[in-house]
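Here is the structure we will look at, set down as structure tokens.
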Amino acid sequence: MKHIALSLLALAAGAVQAQSSVQLYGILDVGVTSIEGYGSGKRTFVSSGTQLGSRLGLKGTEEIAPGWKAMFQIEHQLYADTGSQNQQTPISGTALPARVLVDIPNTIRDQLVPQLGASLQASLNNRFWHRQAWVAAVTPAGALSLGRQYSPVFATFGRFDPHQAGNVGNAFATLTVPTGLEVRIDNSIQYVAEKDGFRLNVMYSPDEKEVGNGRFWGISTGYEIGGFDFGIAHQRRKTSEGLDSLENTMIGASYETGPFKLWGQWIRAKDLHPVLGAQLRATLNASTAIPAVLKPAFLAYGSQIATALGFDGSLSYVGVHYKINPTHKLVASYGMYNDKRAINADAAIAGLALEHIKSKRTSIWLSGSYVDNKEVQQILPYSQGLLYGFTDKPGRDASALSVNMVHRF
């Protein structure tokens with residue numbers, strides 16, 4: 001997550017480099033994870049990207065004139081445990097919680113679930129520059145960038161996340177599958193400015209007639225002074241059908257004093273018309289395998305499932321860093337998701353992590369978490385490297401342990 005902050009800071013930087021430069025960089029993050037919450041016993045496996053996400057990137061700058069420069073960044077997401085460039089299917093075997101399939105007839109369910117799975121995996125397709133791909137012009141008045149970029153709310157989330165948007169203790173687990181917080185935005189235009197501790201980020205993405213995703217806009221601002229940092233952000237998406245879709249609002253703050261750093265944030269997620277619904281309806285309408293007389297029923301049940309996968313709730317998330325000594329840091333956190341819908345899919349997650357800094361570029365992480373799933377909720381711990389999916393039954397709690405090495409180059 002530090003790379004998100006660095007990218008935004010680089011865009012807003014006023015200083016001009018003496019000459020053009022291109023840098024090859026990357027992160028290899030590999031370890032062993034043990035997770036419990038579905039099936040019998042624990043499952044232990046080699047995993048990639050548990051803490052920071054394995055990646056390979058290129059970034060560069062070129063001086064155009066005093067106070068002006070061009071910049072670019074392209075970043076590939078890879079999985080160092082297998083060499084793959086695509087995220088794996090959920091290790092739980094399902095991308096759908098049981099609650100969304102209640103009262104769906106089996107004959108319709110058997111045909112809808114594969115279609116839903118394909119739509120849920122749409123963002124995990126064979127996209128080489130999955131993480132970032134943008135070009136920017138930096139001026140004395142700020143920076144303008146275009147391409148695939150981090151959304152304003154997610155960039156703010158990363159700034160105030162004690163786990164840097166990684167490791168199995170992260171409360172972001174409550175906002176995944178499908179996402180309750182948009183991470184990266186395609187076809188986006190972004191303006192970034194920073195001055196005297198103040199920062200501003202404005203983003204817009206037009207409707208380019210893609211099925212599902214419609215127009216997007218977002219804005220964030222913040223102020224940093226001494227050991228105190230504060231940020232607020234808001235963003236909204238429409239579907240390609242013109243319906244109001246995912247809406248996020250967040251407030252975050254941090255304070256550093258001595259060996260301690262305190263973190264806190266609140267995120268609102270509301271999505272009563274997920275883009276998944278528009279994608280599914282387009283697929284069903286185009287299908288020749290479904291008799292015309294049955295299509296209204298399939299469309300009705302499909303919309304019911306898609307709506308059930310939406311969000312209407314808030315995440316309250318706090319944490320603390322404690323620097324034990326120059327080479328060891330302890331991280332503790334607690335997050336609670338409050339679902340405002342009638343189904344009451346609440347959950348809470350506690351996380352603990354220890355970083356051992358071996359050198360300037362290499363760290364070893366030990367992390368763990370416990371998820372308290374309420375009533376109908378089925379959350380498994382989160383990881384950047386694997387889509388874990390859901391527990392095998394509603395209300396079942398889950399836990400995870402992970403040890404991994406992170407090497408930067």
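Letters for chains follow the order of the structure tokens (A, B, ...), residue numbers begin at 1 for each chain, and ligand numbers begin at 1 in the order shown.
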
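Counting only C-alpha atoms, Val113 in chain A has the following residues at most 12 Å away, ignoring those fewer than 2 positions along the same chain: Thr94, Ala95, Leu96, Pro97, Ala98, Val100, Leu101, Ile104, Pro105, Asn106, Thr107, Ile108, Arg109, Asp110, Gln111, Gln115, Leu116, Gly117, Ala118, Ser119, Leu120, Leu280, Leu284, Phe298, Tyr301, Gly302, Ile305 and Ala306 of chain A.
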
_Surrounding residues of Asp271 in chain A excluding itself and chain neighbours under 5 positions, 10 Å, only C-alpha atoms, as number ranges by chain_ = A: 179-181, 236-238, 244-248, 307-313

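Nearest-residue note for Glu208 in chain A: choosing from A:Asn404, A:Gly166, A:Thr239, A:Ser48, the minimum distance belongs to A:Thr239, counting only C-alpha atoms.
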
*asked:* Run DSSP on the backbone and tell me which residues of range 218-385 of chain A come out as helix (DSSP H, G or I); list them as a list in words.
replied: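 Restricting range 218-385 of chain A to helix (DSSP H, G or I) produces Val275, Leu276, Gly277, Ala278, Gln279, Leu280, Arg281, Ala282, Thr283, Leu284, Asn285, Ala286, Ala292, Val293, Leu294, Lys295, Pro296, Ala297, Phe298, Leu299, Ala300, Tyr301, Gly302, Ser303, Gln304, Ile305, Ala306, Thr307 and Ala308 of chain A.
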
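Of the listed residues (A:Gln384, A:Val102, A:Pro274, A:Lys393), A:Gln384 comes nearest to Arg131 in chain A; the distances count only C-alpha atoms.
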
Can you pull out every residue within 9 Å of Gly389 in chain A, counting only C-alpha atoms, but drop anything in the same chain fewer than 5 positions away, and send it as a compact mmCIF listing (two decimals) with N, CA and C atoms, in the first residue's frame?
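This went into around33.txt:
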# COMPACT_ATOMS: atom_id res chain seq x y z
N THR A 89 -9.27 -18.97 -8.63
CA THR A 89 -10.67 -19.04 -8.18
C THR A 89 -10.69 -19.21 -6.67
N PRO A 90 -11.78 -18.88 -6.01
CA PRO A 90 -11.82 -18.95 -4.54
C PRO A 90 -11.41 -20.32 -4.00
N ILE A 91 -10.57 -20.34 -2.98
CA ILE A 91 -10.11 -21.60 -2.42
C ILE A 91 -11.24 -22.33 -1.69
N SER A 92 -12.29 -21.59 -1.32
CA SER A 92 -13.44 -22.22 -0.66
C SER A 92 -14.31 -22.96 -1.68
N GLY A 93 -14.06 -22.73 -2.97
CA GLY A 93 -14.84 -23.38 -4.02
C GLY A 93 -16.07 -22.63 -4.44
N THR A 94 -16.37 -21.50 -3.81
CA THR A 94 -17.54 -20.72 -4.19
C THR A 94 -17.27 -19.23 -4.05
N ALA A 95 -17.84 -18.45 -4.97
CA ALA A 95 -17.76 -17.00 -4.89
C ALA A 95 -19.09 -16.40 -4.47
N LEU A 96 -20.03 -17.27 -4.02
CA LEU A 96 -21.36 -16.81 -3.64
C LEU A 96 -21.69 -17.28 -2.23
N PRO A 97 -22.08 -16.38 -1.32
CA PRO A 97 -22.53 -16.80 0.00
C PRO A 97 -23.89 -17.47 -0.10
N THR A 176 -15.28 -7.39 0.47
CA THR A 176 -14.86 -8.11 -0.74
C THR A 176 -15.91 -9.12 -1.17
N VAL A 177 -15.80 -9.53 -2.43
CA VAL A 177 -16.59 -10.61 -3.07
C VAL A 177 -18.09 -10.38 -3.01
N GLN A 378 -20.54 -14.95 6.08
CA GLN A 378 -19.65 -16.07 5.79
C GLN A 378 -18.25 -15.61 5.39
N ILE A 379 -17.73 -14.56 5.99
CA ILE A 379 -16.46 -13.97 5.56
C ILE A 379 -15.28 -14.84 5.96
N LEU A 380 -14.36 -15.02 5.01
CA LEU A 380 -13.05 -15.60 5.28
C LEU A 380 -12.03 -14.46 5.30
N PRO A 381 -10.90 -14.63 6.01
CA PRO A 381 -9.87 -13.58 6.03
C PRO A 381 -9.42 -13.20 4.62
N TYR A 382 -8.90 -11.99 4.51
CA TYR A 382 -8.52 -11.40 3.22
C TYR A 382 -7.03 -11.54 2.97
